[in-house]
>>> print(open('start26.pdb').read())   # PDB, C-alpha atoms and all ligand atoms
ATOM      1  CA  MET A   1     -42.616  19.052   2.586
ATOM      2  CA  GLU A   2     -40.317  17.830   5.271
ATOM      3  CA  PHE A   3     -38.799  15.402   2.801
ATOM      4  CA  VAL A   4     -38.069  18.184   0.308
ATOM      5  CA  ALA A   5     -36.507  20.261   3.054
ATOM      6  CA  ARG A   6     -34.286  17.365   3.948
ATOM      7  CA  ILE A   7     -33.128  16.934   0.347
ATOM      8  CA  THR A   8     -32.216  20.633   0.229
ATOM      9  CA  ASP A   9     -30.228  20.147   3.425
ATOM     10  CA  MET A  10     -28.413  17.232   1.846
ATOM     11  CA  ARG A  11     -27.554  19.330  -1.212
ATOM     12  CA  ALA A  12     -26.221  22.112   0.980
ATOM     13  CA  MET A  13     -24.184  19.580   2.892
ATOM     14  CA  TRP A  14     -22.683  18.070  -0.258
ATOM     15  CA  SER A  15     -21.787  21.437  -1.724
ATOM     16  CA  CYS A  16     -20.110  22.177   1.609
ATOM     17  CA  VAL A  17     -18.159  18.912   1.404
ATOM     18  CA  ALA A  18     -17.128  19.718  -2.177
ATOM     19  CA  LYS A  19     -15.861  23.153  -1.114
ATOM     20  CA  LEU A  20     -13.962  21.635   1.779
ATOM     21  CA  ASN A  21     -12.306  19.115  -0.548
ATOM     22  CA  GLY A  22     -11.230  21.992  -2.783
ATOM     23  CA  THR A  23      -9.686  23.845   0.136
ATOM     24  CA  MET A  24      -7.907  20.697   1.285
ATOM     25  CA  ALA A  25      -6.483  20.125  -2.203
ATOM     26  CA  ALA A  26      -5.191  23.716  -2.257
ATOM     27  CA  ALA A  27      -3.647  23.337   1.209
ATOM     28  CA  SER A  28      -1.928  20.126   0.188
ATOM     29  CA  LEU A  29      -0.154  21.963  -2.677
ATOM     30  CA  LYS A  30       1.413  24.583  -0.388
ATOM     31  CA  THR A  31       4.706  22.701  -0.028
ATOM     32  CA  TYR A  32       4.778  21.963  -3.756
ATOM     33  CA  ARG A  33       4.401  25.649  -4.639
ATOM     34  CA  LYS A  34       6.800  26.891  -1.988
ATOM     35  CA  LYS A  35       9.589  24.779  -3.471
ATOM     36  CA  ARG A  36       9.229  26.116  -7.006
ATOM     37  CA  ASN A  37       9.660  29.354  -8.951
ATOM     38  CA  PHE A  38       6.968  29.200 -11.626
ATOM     39  CA  ARG A  39       8.572  31.974 -13.634
ATOM     40  CA  ARG A  40      11.521  29.648 -14.194
ATOM     41  CA  THR A  41      10.204  26.096 -14.187
ATOM     42  CA  PRO A  42       7.819  24.775 -16.864
ATOM     43  CA  GLU A  43       6.089  22.625 -14.226
ATOM     44  CA  PRO A  44       2.362  23.333 -13.685
ATOM     45  CA  LYS A  45       1.296  25.518 -10.804
ATOM     46  CA  GLY A  46      -1.858  23.494 -10.336
ATOM     47  CA  GLY A  47      -5.293  24.611  -9.309
ATOM     48  CA  ALA A  48      -7.459  23.351 -12.179
ATOM     49  CA  LYS A  49     -10.984  23.414 -10.809
ATOM     50  CA  LYS A  50     -12.438  20.605 -12.849
ATOM     51  CA  THR A  51     -11.351  17.066 -13.477
ATOM     52  CA  PRO A  52     -12.131  16.334 -17.117
ATOM     53  CA  TRP A  53     -12.039  12.564 -16.641
ATOM     54  CA  LYS A  54     -13.934  10.151 -14.436
ATOM     55  CA  LYS A  55     -11.438   7.410 -13.718
ATOM     56  CA  LEU A  56      -8.646   7.860 -11.221
ATOM     57  CA  ILE A  57      -5.253   8.234 -12.793
ATOM     58  CA  PHE A  58      -1.743   7.235 -11.871
ATOM     59  CA  VAL A  59       1.567   8.288 -13.369
ATOM     60  CA  ILE A  60       5.153   7.160 -12.964
ATOM     61  CA  HIS A  61       7.631   9.876 -13.895
ATOM     62  CA  LYS A  62      11.235   9.042 -14.656
ATOM     63  CA  HIS A  63      13.197  11.942 -13.229
ATOM     64  CA  ALA A  64      16.867  12.497 -13.978
ATOM     65  CA  ALA A  65      17.586  14.758 -11.014
ATOM     66  CA  ARG A  66      20.854  14.585  -9.057
ATOM     67  CA  GLN A  67      20.033  10.879  -8.864
ATOM     68  CA  THR A  68      17.755   9.316 -11.435
ATOM     69  CA  HIS A  69      14.626   7.972  -9.784
ATOM     70  CA  TYR A  70      10.983   7.243 -10.475
ATOM     71  CA  ASP A  71       8.128   9.273  -9.005
ATOM     72  CA  PHE A  72       5.044   7.188  -8.385
ATOM     73  CA  ARG A  73       1.864   9.297  -8.214
ATOM     74  CA  LEU A  74      -1.742   8.391  -7.467
ATOM     75  CA  GLN A  75      -4.681  10.719  -7.939
ATOM     76  CA  VAL A  76      -6.462  11.339  -4.654
ATOM     77  CA  GLY A  77      -9.149  13.964  -5.102
ATOM     78  CA  ARG A  78      -7.566  16.828  -7.026
ATOM     79  CA  ALA A  79      -4.005  16.109  -5.974
ATOM     80  CA  LEU A  80      -1.392  13.505  -6.821
ATOM     81  CA  LYS A  81      -0.058  11.629  -3.796
ATOM     82  CA  SER A  82       3.613  11.130  -4.605
ATOM     83  CA  TRP A  83       6.485   8.831  -3.698
ATOM     84  CA  ALA A  84      10.059   8.886  -4.964
ATOM     85  CA  VAL A  85      11.081   5.334  -5.823
ATOM     86  CA  PRO A  86      14.868   5.172  -6.414
ATOM     87  CA  LYS A  87      14.798   1.862  -8.322
ATOM     88  CA  GLY A  88      11.351   2.174  -9.873
ATOM     89  CA  PRO A  89       8.583  -0.425  -9.758
ATOM     90  CA  SER A  90       9.236  -4.148 -10.143
ATOM     91  CA  LEU A  91       6.972  -6.863 -11.509
ATOM     92  CA  ASN A  92       8.578  -9.417  -9.214
ATOM     93  CA  PRO A  93       6.586  -9.921  -5.980
ATOM     94  CA  SER A  94       9.768 -10.743  -4.074
ATOM     95  CA  ASP A  95      11.262  -7.289  -4.747
ATOM     96  CA  ARG A  96      10.639  -4.604  -2.161
ATOM     97  CA  ARG A  97      11.122  -1.163  -3.606
ATOM     98  CA  MET A  98      11.802   1.738  -1.271
ATOM     99  CA  ALA A  99       9.328   4.588  -1.790
ATOM    100  CA  VAL A 100       9.874   7.901  -0.013
ATOM    101  CA  GLU A 101       6.721   9.958   0.413
ATOM    102  CA  VAL A 102       7.137  13.460  -1.023
ATOM    103  CA  GLU A 103       4.862  16.486  -1.288
ATOM    104  CA  ASP A 104       1.506  16.271  -3.090
ATOM    105  CA  HIS A 105       1.665  17.434  -6.685
ATOM    106  CA  PRO A 106      -1.171  19.114  -8.614
ATOM    107  CA  LEU A 107      -3.286  16.883 -10.815
ATOM    108  CA  ASP A 108      -2.036  18.695 -13.961
ATOM    109  CA  TYR A 109       1.423  17.341 -13.169
ATOM    110  CA  ALA A 110       0.272  13.982 -14.559
ATOM    111  CA  LYS A 111       0.631  15.510 -18.040
ATOM    112  CA  PHE A 112       4.001  17.139 -17.411
ATOM    113  CA  GLU A 113       6.999  16.009 -19.404
ATOM    114  CA  GLY A 114       9.936  18.332 -19.881
ATOM    115  CA  VAL A 115      13.038  19.800 -18.341
ATOM    116  CA  ILE A 116      13.254  21.540 -14.965
ATOM    117  CA  PRO A 117      15.969  24.207 -15.412
ATOM    118  CA  LYS A 118      19.324  24.112 -13.650
ATOM    119  CA  GLY A 119      19.245  25.713 -10.231
ATOM    120  CA  GLU A 120      15.535  25.000  -9.764
ATOM    121  CA  TYR A 121      14.074  22.461  -7.361
ATOM    122  CA  GLY A 122      14.386  18.960  -8.867
ATOM    123  CA  ALA A 123      16.406  20.241 -11.848
ATOM    124  CA  GLY A 124      16.634  17.676 -14.607
ATOM    125  CA  THR A 125      14.654  15.846 -17.270
ATOM    126  CA  VAL A 126      11.207  14.458 -16.478
ATOM    127  CA  MET A 127       9.583  11.714 -18.571
ATOM    128  CA  ILE A 128       6.102  10.230 -18.298
ATOM    129  CA  TRP A 129       7.467   6.725 -18.035
ATOM    130  CA  ASP A 130       4.055   5.165 -17.511
ATOM    131  CA  THR A 131       0.512   6.348 -16.961
ATOM    132  CA  GLY A 132      -3.020   5.015 -16.923
ATOM    133  CA  THR A 133      -5.889   4.505 -14.546
ATOM    134  CA  TYR A 134      -5.998   2.817 -11.182
ATOM    135  CA  ARG A 135      -8.482   1.359  -8.750
ATOM    136  CA  ASN A 136      -8.221   1.367  -4.984
ATOM    137  CA  VAL A 137      -8.421  -2.281  -3.886
ATOM    138  CA  THR A 138      -7.566  -1.777  -0.221
ATOM    139  CA  GLU A 139      -9.792  -4.009   1.887
ATOM    140  CA  LYS A 140     -10.416  -4.674   5.509
ATOM    141  CA  ASN A 141     -12.726  -7.498   6.575
ATOM    142  CA  ASP A 142     -13.794  -7.944   2.935
ATOM    143  CA  LYS A 143     -14.902  -4.323   2.693
ATOM    144  CA  GLU A 144     -13.307  -1.668   0.523
ATOM    145  CA  MET A 145     -11.474   0.951   2.509
ATOM    146  CA  PRO A 146     -11.462   4.538   1.203
ATOM    147  CA  ILE A 147      -7.999   5.481  -0.044
ATOM    148  CA  THR A 148      -7.686   8.471   2.287
ATOM    149  CA  ARG A 149      -8.135   6.142   5.260
ATOM    150  CA  ALA A 150      -5.800   3.548   3.733
ATOM    151  CA  LEU A 151      -3.098   6.223   3.296
ATOM    152  CA  LYS A 152      -3.528   7.340   6.883
ATOM    153  CA  ASN A 153      -3.235   3.740   8.072
ATOM    154  CA  GLY A 154      -0.146   3.144   5.960
ATOM    155  CA  HIS A 155      -1.518   0.178   4.016
ATOM    156  CA  VAL A 156      -2.684   0.786   0.465
ATOM    157  CA  ALA A 157      -3.454  -1.661  -2.328
ATOM    158  CA  VAL A 158      -4.059  -0.416  -5.851
ATOM    159  CA  GLU A 159      -4.694  -2.073  -9.177
ATOM    160  CA  LEU A 160      -2.898  -0.282 -11.995
ATOM    161  CA  ALA A 161      -3.901  -0.279 -15.641
ATOM    162  CA  GLY A 162      -0.938   1.392 -17.310
ATOM    163  CA  LYS A 163       0.887   0.881 -20.569
ATOM    164  CA  LYS A 164       3.939  -0.789 -19.047
ATOM    165  CA  ILE A 165       2.768  -1.690 -15.573
ATOM    166  CA  GLU A 166      -0.431  -3.557 -14.720
ATOM    167  CA  GLY A 167      -1.934  -5.371 -11.812
ATOM    168  CA  ARG A 168      -1.947  -4.985  -8.074
ATOM    169  CA  TYR A 169       0.641  -3.206  -5.975
ATOM    170  CA  ALA A 170       0.851  -2.824  -2.225
ATOM    171  CA  LEU A 171       2.264   0.258  -0.537
ATOM    172  CA  SER A 172       3.175  -0.225   3.117
ATOM    173  CA  ARG A 173       4.547   2.482   5.339
ATOM    174  CA  ILE A 174       7.572   1.321   7.288
ATOM    175  CA  ALA A 175       8.669   4.597   8.899
ATOM    176  CA  LYS A 176       6.891   7.822   9.756
ATOM    177  CA  GLY A 177       8.524  11.233  10.158
ATOM    178  CA  LYS A 178       9.188  14.178   7.901
ATOM    179  CA  LYS A 179       9.749  11.972   4.866
ATOM    180  CA  PRO A 180       7.792   8.794   5.547
ATOM    181  CA  ARG A 181       9.253   5.675   4.005
ATOM    182  CA  TRP A 182       7.113   3.045   2.326
ATOM    183  CA  LEU A 183       7.708  -0.183   0.444
ATOM    184  CA  LEU A 184       6.207  -0.661  -3.006
ATOM    185  CA  VAL A 185       5.680  -4.360  -3.718
ATOM    186  CA  LYS A 186       4.043  -6.169  -6.625
ATOM    187  CA  MET A 187       1.234  -8.357  -5.340
ATOM    188  CA  LYS A 188       0.875 -11.893  -6.663
ATOM    189  CA  ASP A 189      -1.541 -11.888  -9.572
ATOM    190  CA  GLU A 190      -1.527 -12.830 -13.254
ATOM    191  CA  LYS A 191       0.391  -9.627 -14.083
ATOM    192  CA  ALA A 192       3.311 -10.513 -11.800
ATOM    193  CA  ASP A 193       6.334 -11.549 -13.877
ATOM    194  CA  ALA A 194       9.784 -12.011 -12.371
ATOM    195  CA  ARG A 195      11.368 -12.253 -15.831
ATOM    196  CA  ARG A 196      10.216  -8.869 -17.056
ATOM    197  CA  ASN A 197      12.093  -5.770 -15.942
ATOM    198  CA  PRO A 198      10.422  -2.840 -17.721
ATOM    199  CA  VAL A 199      12.479  -0.233 -15.844
ATOM    200  CA  LYS A 200      15.517  -1.628 -17.698
ATOM    201  CA  THR A 201      13.965  -2.623 -21.005
ATOM    202  CA  GLU A 202      11.322   0.057 -21.638
ATOM    203  CA  THR A 203      13.095   3.353 -21.626
ATOM    204  CA  LYS A 204      10.815   5.555 -23.735
ATOM    205  CA  SER A 205       8.001   7.876 -22.731
ATOM    206  CA  ALA A 206       4.601   6.198 -22.500
ATOM    207  CA  ILE A 207       3.069   9.294 -24.132
ATOM    208  CA  SER A 208       5.571  10.884 -26.525
ATOM    209  CA  LYS A 209       7.737   7.771 -27.121
ATOM    210  CA  ARG A 210      10.809   9.956 -26.613
ATOM    211  CA  THR A 211      13.971   8.892 -24.817
ATOM    212  CA  MET A 212      15.331  10.926 -21.899
ATOM    213  CA  ARG A 213      17.959  12.370 -24.228
ATOM    214  CA  GLN A 214      15.351  13.413 -26.806
ATOM    215  CA  ILE A 215      13.242  15.112 -24.142
ATOM    216  CA  ALA A 216      16.327  16.898 -22.812
ATOM    217  CA  ASN A 217      17.306  18.127 -26.281
ATOM    218  CA  GLU A 218      13.835  19.154 -27.397
ATOM    219  CA  GLU A 219      12.596  20.807 -24.227
ATOM    220  CA  LYS A 220      15.667  22.810 -23.333
ATOM    221  CA  GLY A 221      14.581  26.409 -22.864
TER     222      GLY A 221
HETATM  223 MN    MN B   1      11.386  13.429  -8.516
END
>>> encode(input="start26.pdb", output="structure tokens")
Amino acid sequence: MEFVARITDMRAMWSCVAKLNGTMAAASLKTYRKKRNFRRTPEPKGGAKKTPWKKLIFVIHKHAARQTHYDFRLQVGRALKSWAVPKGPSLNPSDRRMAVEVEDHPLDYAKFEGVIPKGEYGAGTVMIWDTGTYRNVTEKNDKEMPITRALKNGHVAVELAGKKIEGRYALSRIAKGKKPRWLLVKMKDEKADARRNPVKTETKSAISKRTMRQIANEEKG
């Protein structure tokens, strides 16, 4: 009897944890929503309750805003942790790519490709440059560290399985503040390749195979 009671307690506890996670995801989207007018931008508002897939996803958007940059996003719970990477990812382990932490985006944003209208926040064309699944490979003393802790500590290692980009990447925070700065560096593994430069050579959408110009022409409202 006592055992059954304890199991019920555990269930109650887990449903509580699940609810809390939901609330946290909603809170983390506050900044995202505040910056956007959803009557004008085709970007998703977010808030999907269910995740229809099991594996964690990552996406790299190419974003032709005032300055063209790449937005690197990792699924953490029901949000996408996001960094703006001016030069995009490199496959060369000796390159250190600046990555500025920006607001969390909703998970549905991983499927967004289109044009943010003039005058709106981040106006410009957005392409799904690469996407796929990822695995948290952050370790401390040979033990896996949960990604939320790794993010808090400012040292994250992930293994990407995308269409253009694969293998391990390290994200290291180098400055805190309102817009924390990180470095995105390819780790040495069999996917490292100093001769390949996909940011330069692979310029079409990983999903729709469209160029930036095609997206701009087809998605204009
Ligand atoms: Mn951006």
>>> residues_near_ligand(input="start26.pdb", ligand="ligand MN 1 (chain B)", cutoff="10 Å", atoms="all atoms listed in the file", output="PDB file with C-alpha atoms, in the coordinates of the input")
ATOM      1  CA  ILE A  60       5.153   7.160 -12.964  1.00  0.00           C
ATOM      2  CA  HIS A  61       7.631   9.876 -13.895  1.00  0.00           C
ATOM      3  CA  LYS A  62      11.235   9.042 -14.656  1.00  0.00           C
ATOM      4  CA  HIS A  63      13.197  11.942 -13.229  1.00  0.00           C
ATOM      5  CA  ALA A  64      16.867  12.497 -13.978  1.00  0.00           C
ATOM      6  CA  ALA A  65      17.586  14.758 -11.014  1.00  0.00           C
ATOM      7  CA  ARG A  66      20.854  14.585  -9.057  1.00  0.00           C
ATOM      8  CA  GLN A  67      20.033  10.879  -8.864  1.00  0.00           C
ATOM      9  CA  THR A  68      17.755   9.316 -11.435  1.00  0.00           C
ATOM     10  CA  HIS A  69      14.626   7.972  -9.784  1.00  0.00           C
ATOM     11  CA  TYR A  70      10.983   7.243 -10.475  1.00  0.00           C
ATOM     12  CA  ASP A  71       8.128   9.273  -9.005  1.00  0.00           C
ATOM     13  CA  PHE A  72       5.044   7.188  -8.385  1.00  0.00           C
ATOM     14  CA  SER A  82       3.613  11.130  -4.605  1.00  0.00           C
ATOM     15  CA  TRP A  83       6.485   8.831  -3.698  1.00  0.00           C
ATOM     16  CA  ALA A  84      10.059   8.886  -4.964  1.00  0.00           C
ATOM     17  CA  VAL A  85      11.081   5.334  -5.823  1.00  0.00           C
ATOM     18  CA  PRO A  86      14.868   5.172  -6.414  1.00  0.00           C
ATOM     19  CA  VAL A 102       7.137  13.460  -1.023  1.00  0.00           C
ATOM     20  CA  TYR A 121      14.074  22.461  -7.361  1.00  0.00           C
ATOM     21  CA  GLY A 122      14.386  18.960  -8.867  1.00  0.00           C
ATOM     22  CA  ALA A 123      16.406  20.241 -11.848  1.00  0.00           C
ATOM     23  CA  GLY A 124      16.634  17.676 -14.607  1.00  0.00           C
ATOM     24  CA  THR A 125      14.654  15.846 -17.270  1.00  0.00           C
ATOM     25  CA  VAL A 126      11.207  14.458 -16.478  1.00  0.00           C
TER      26      VAL A 126
END
>>> resolve_selection(input="start26.pdb", expression="the PyMOL selection byres (((chain A and resi 154) around 9) and not hetatm)", output="list in words")
Arg149, Ala150, Leu151, Lys152, Asn153, His155, Val156, Leu171, Ser172, Arg173, Ile174 and Trp182 of chain A
>>> residues_around(input="start26.pdb", residues="Phe112 (chain A)", least_positions_apart="5", cutoff="9 Å", atoms="all atoms listed in the file", output="list in words")
Pro42, Glu43, Pro44, His61, Val126, Met127 and Ile128 of chain A
>>> atom_distance(input="start26.pdb", atom1="CA of Val158 (chain A)", atom2="CA of Ala48 (chain A)")
24.8 Å
>>> residues_near_point(input="start26.pdb", point="(4.7, -3.8, -3.1)", cutoff="10 Å", atoms="all atoms listed in the file", output="MDAnalysis selection string")
chainID A and resid 89:99 156:158 168:172 182:188
>>> write_last_selection(input="start26.pdb", atoms="C-alpha atoms", output="short mmCIF file (atom, residue, chain, number, x, y, z; two decimals), in the frame of the given file")
data_model
loop_
_atom_site.label_atom_id
_atom_site.label_comp_id
_atom_site.auth_asym_id
_atom_site.auth_seq_id
_atom_site.Cartn_x
_atom_site.Cartn_y
_atom_site.Cartn_z
CA PRO A 89 8.58 -0.42 -9.76
CA SER A 90 9.24 -4.15 -10.14
CA LEU A 91 6.97 -6.86 -11.51
CA ASN A 92 8.58 -9.42 -9.21
CA PRO A 93 6.59 -9.92 -5.98
CA SER A 94 9.77 -10.74 -4.07
CA ASP A 95 11.26 -7.29 -4.75
CA ARG A 96 10.64 -4.60 -2.16
CA ARG A 97 11.12 -1.16 -3.61
CA MET A 98 11.80 1.74 -1.27
CA ALA A 99 9.33 4.59 -1.79
CA VAL A 156 -2.68 0.79 0.46
CA ALA A 157 -3.45 -1.66 -2.33
CA VAL A 158 -4.06 -0.42 -5.85
CA ARG A 168 -1.95 -4.99 -8.07
CA TYR A 169 0.64 -3.21 -5.98
CA ALA A 170 0.85 -2.82 -2.22
CA LEU A 171 2.26 0.26 -0.54
CA SER A 172 3.18 -0.22 3.12
CA TRP A 182 7.11 3.04 2.33
CA LEU A 183 7.71 -0.18 0.44
CA LEU A 184 6.21 -0.66 -3.01
CA VAL A 185 5.68 -4.36 -3.72
CA LYS A 186 4.04 -6.17 -6.62
CA MET A 187 1.23 -8.36 -5.34
CA LYS A 188 0.88 -11.89 -6.66
#
>>> atom_distance(input="start26.pdb", atom1="CA of Gly77 (chain A)", atom2="CA of Val199 (chain A)")
28.0 Å
>>> closest_residue(input="start26.pdb", among="A:Lys209, A:Arg196, A:His105, A:Lys118", to="Lys34 (chain A)", atoms="all atoms listed in the file")
A:His105
>>> closest_residue(input="start26.pdb", among="A:Leu107, A:Ile207, A:Lys87, A:Lys81", to="Lys45 (chain A)", atoms="all atoms listed in the file")
A:Leu107
>>> atom_distance(input="start26.pdb", atom1="CA of Gly162 (chain A)", atom2="CA of Thr131 (chain A)")
5.2 Å
>>> residues_around(input="start26.pdb", residues="Val76 (chain A)", least_positions_apart="3", cutoff="8 Å", atoms="only C-alpha atoms", output="PDB file with C-alpha atoms, in the coordinates of the input")
ATOM      1  CA  LEU A  56      -8.646   7.860 -11.221  1.00  0.00           C
ATOM      2  CA  ALA A  79      -4.005  16.109  -5.974  1.00  0.00           C
ATOM      3  CA  LEU A  80      -1.392  13.505  -6.821  1.00  0.00           C
ATOM      4  CA  LYS A  81      -0.058  11.629  -3.796  1.00  0.00           C
ATOM      5  CA  ILE A 147      -7.999   5.481  -0.044  1.00  0.00           C
ATOM      6  CA  THR A 148      -7.686   8.471   2.287  1.00  0.00           C
TER       7      THR A 148
END
>>> closest_residue(input="start26.pdb", among="A:Leu74, A:Gly88, A:Lys204, A:Pro106", to="Lys30 (chain A)", atoms="all atoms listed in the file")
A:Pro106
>>> residues_around(input="start26.pdb", residues="Tyr32 (chain A)", least_positions_apart="3", cutoff="7 Å", atoms="all atoms listed in the file", output="list in words")
Leu29, Lys35, Arg36, Glu103, Asp104 and His105 of chain A
>>> decode(input="start26.pdb", residues="region 76-151 of chain A", atoms="C-alpha atoms", output="short mmCIF file (atom, residue, chain, number, x, y, z; two decimals), in the first residue's frame")
data_model
loop_
_atom_site.label_atom_id
_atom_site.label_comp_id
_atom_site.auth_asym_id
_atom_site.auth_seq_id
_atom_site.Cartn_x
_atom_site.Cartn_y
_atom_site.Cartn_z
CA VAL A 76 16.02 23.04 -25.13
CA GLY A 77 12.68 21.83 -23.82
CA ARG A 78 10.01 23.60 -25.86
CA ALA A 79 12.13 26.58 -26.82
CA LEU A 80 15.00 27.23 -29.19
CA LYS A 81 18.09 28.69 -27.51
CA SER A 82 19.44 31.12 -30.09
CA TRP A 83 22.69 32.80 -31.04
CA ALA A 84 23.37 35.22 -33.89
CA VAL A 85 26.58 34.16 -35.62
CA PRO A 86 27.73 36.92 -38.02
CA LYS A 87 30.04 34.67 -40.08
CA GLY A 88 28.15 31.41 -39.67
CA PRO A 89 29.62 28.08 -38.56
CA SER A 90 33.02 26.84 -39.73
CA LEU A 91 34.27 23.29 -40.16
CA ASN A 92 37.80 24.39 -39.33
CA PRO A 93 38.67 23.83 -35.64
CA SER A 94 41.04 26.80 -35.69
CA ASP A 95 38.22 29.25 -36.53
CA ARG A 96 36.47 30.93 -33.63
CA ARG A 97 33.09 32.25 -34.63
CA MET A 98 31.49 34.98 -32.56
CA ALA A 99 28.00 34.02 -31.39
CA VAL A 100 25.80 36.60 -29.68
CA GLU A 101 23.11 35.11 -27.48
CA VAL A 102 19.65 36.40 -28.43
CA GLU A 103 16.15 35.77 -27.12
CA ASP A 104 14.68 32.25 -27.04
CA HIS A 105 12.53 31.46 -30.04
CA PRO A 106 9.50 29.14 -30.07
CA LEU A 107 10.09 25.59 -31.22
CA ASP A 108 7.85 26.14 -34.29
CA TYR A 109 10.42 28.66 -35.50
CA ALA A 110 12.59 25.72 -36.59
CA LYS A 111 10.20 25.30 -39.55
CA PHE A 112 10.03 28.99 -40.45
CA GLU A 113 11.34 30.13 -43.79
CA GLY A 114 10.06 33.33 -45.33
CA VAL A 115 10.24 37.09 -45.34
CA ILE A 116 9.86 39.35 -42.31
CA PRO A 117 8.21 42.53 -43.66
CA LYS A 118 9.94 45.90 -43.82
CA GLY A 119 9.60 47.89 -40.62
CA GLU A 120 9.21 44.76 -38.49
CA TYR A 121 11.79 43.42 -36.05
CA GLY A 122 14.51 41.56 -37.98
CA ALA A 123 13.04 42.57 -41.36
CA GLY A 124 14.50 40.55 -44.20
CA THR A 125 14.62 37.10 -45.76
CA VAL A 126 15.02 34.02 -43.57
CA MET A 127 16.26 30.69 -44.95
CA ILE A 128 16.56 27.33 -43.20
CA TRP A 129 20.20 27.02 -44.13
CA ASP A 130 20.67 23.78 -42.21
CA THR A 131 18.67 21.65 -39.83
CA GLY A 132 18.75 18.23 -38.23
CA THR A 133 19.06 16.62 -34.85
CA TYR A 134 21.62 17.13 -32.14
CA ARG A 135 22.92 15.45 -29.02
CA ASN A 136 24.23 17.15 -25.92
CA VAL A 137 27.77 15.84 -25.38
CA THR A 138 28.79 18.20 -22.59
CA GLU A 139 30.75 16.26 -19.99
CA LYS A 140 32.33 16.90 -16.66
CA ASN A 141 34.45 14.22 -14.99
CA ASP A 142 33.32 11.73 -17.65
CA LYS A 143 29.67 12.31 -16.82
CA GLU A 144 27.11 13.89 -19.10
CA MET A 145 26.01 17.30 -17.94
CA PRO A 146 22.39 18.35 -18.57
CA ILE A 147 22.25 21.07 -21.22
CA THR A 148 20.45 23.55 -18.96
CA ARG A 149 23.35 23.35 -16.51
CA ALA A 150 25.90 23.51 -19.33
CA LEU A 151 24.24 26.68 -20.67
#
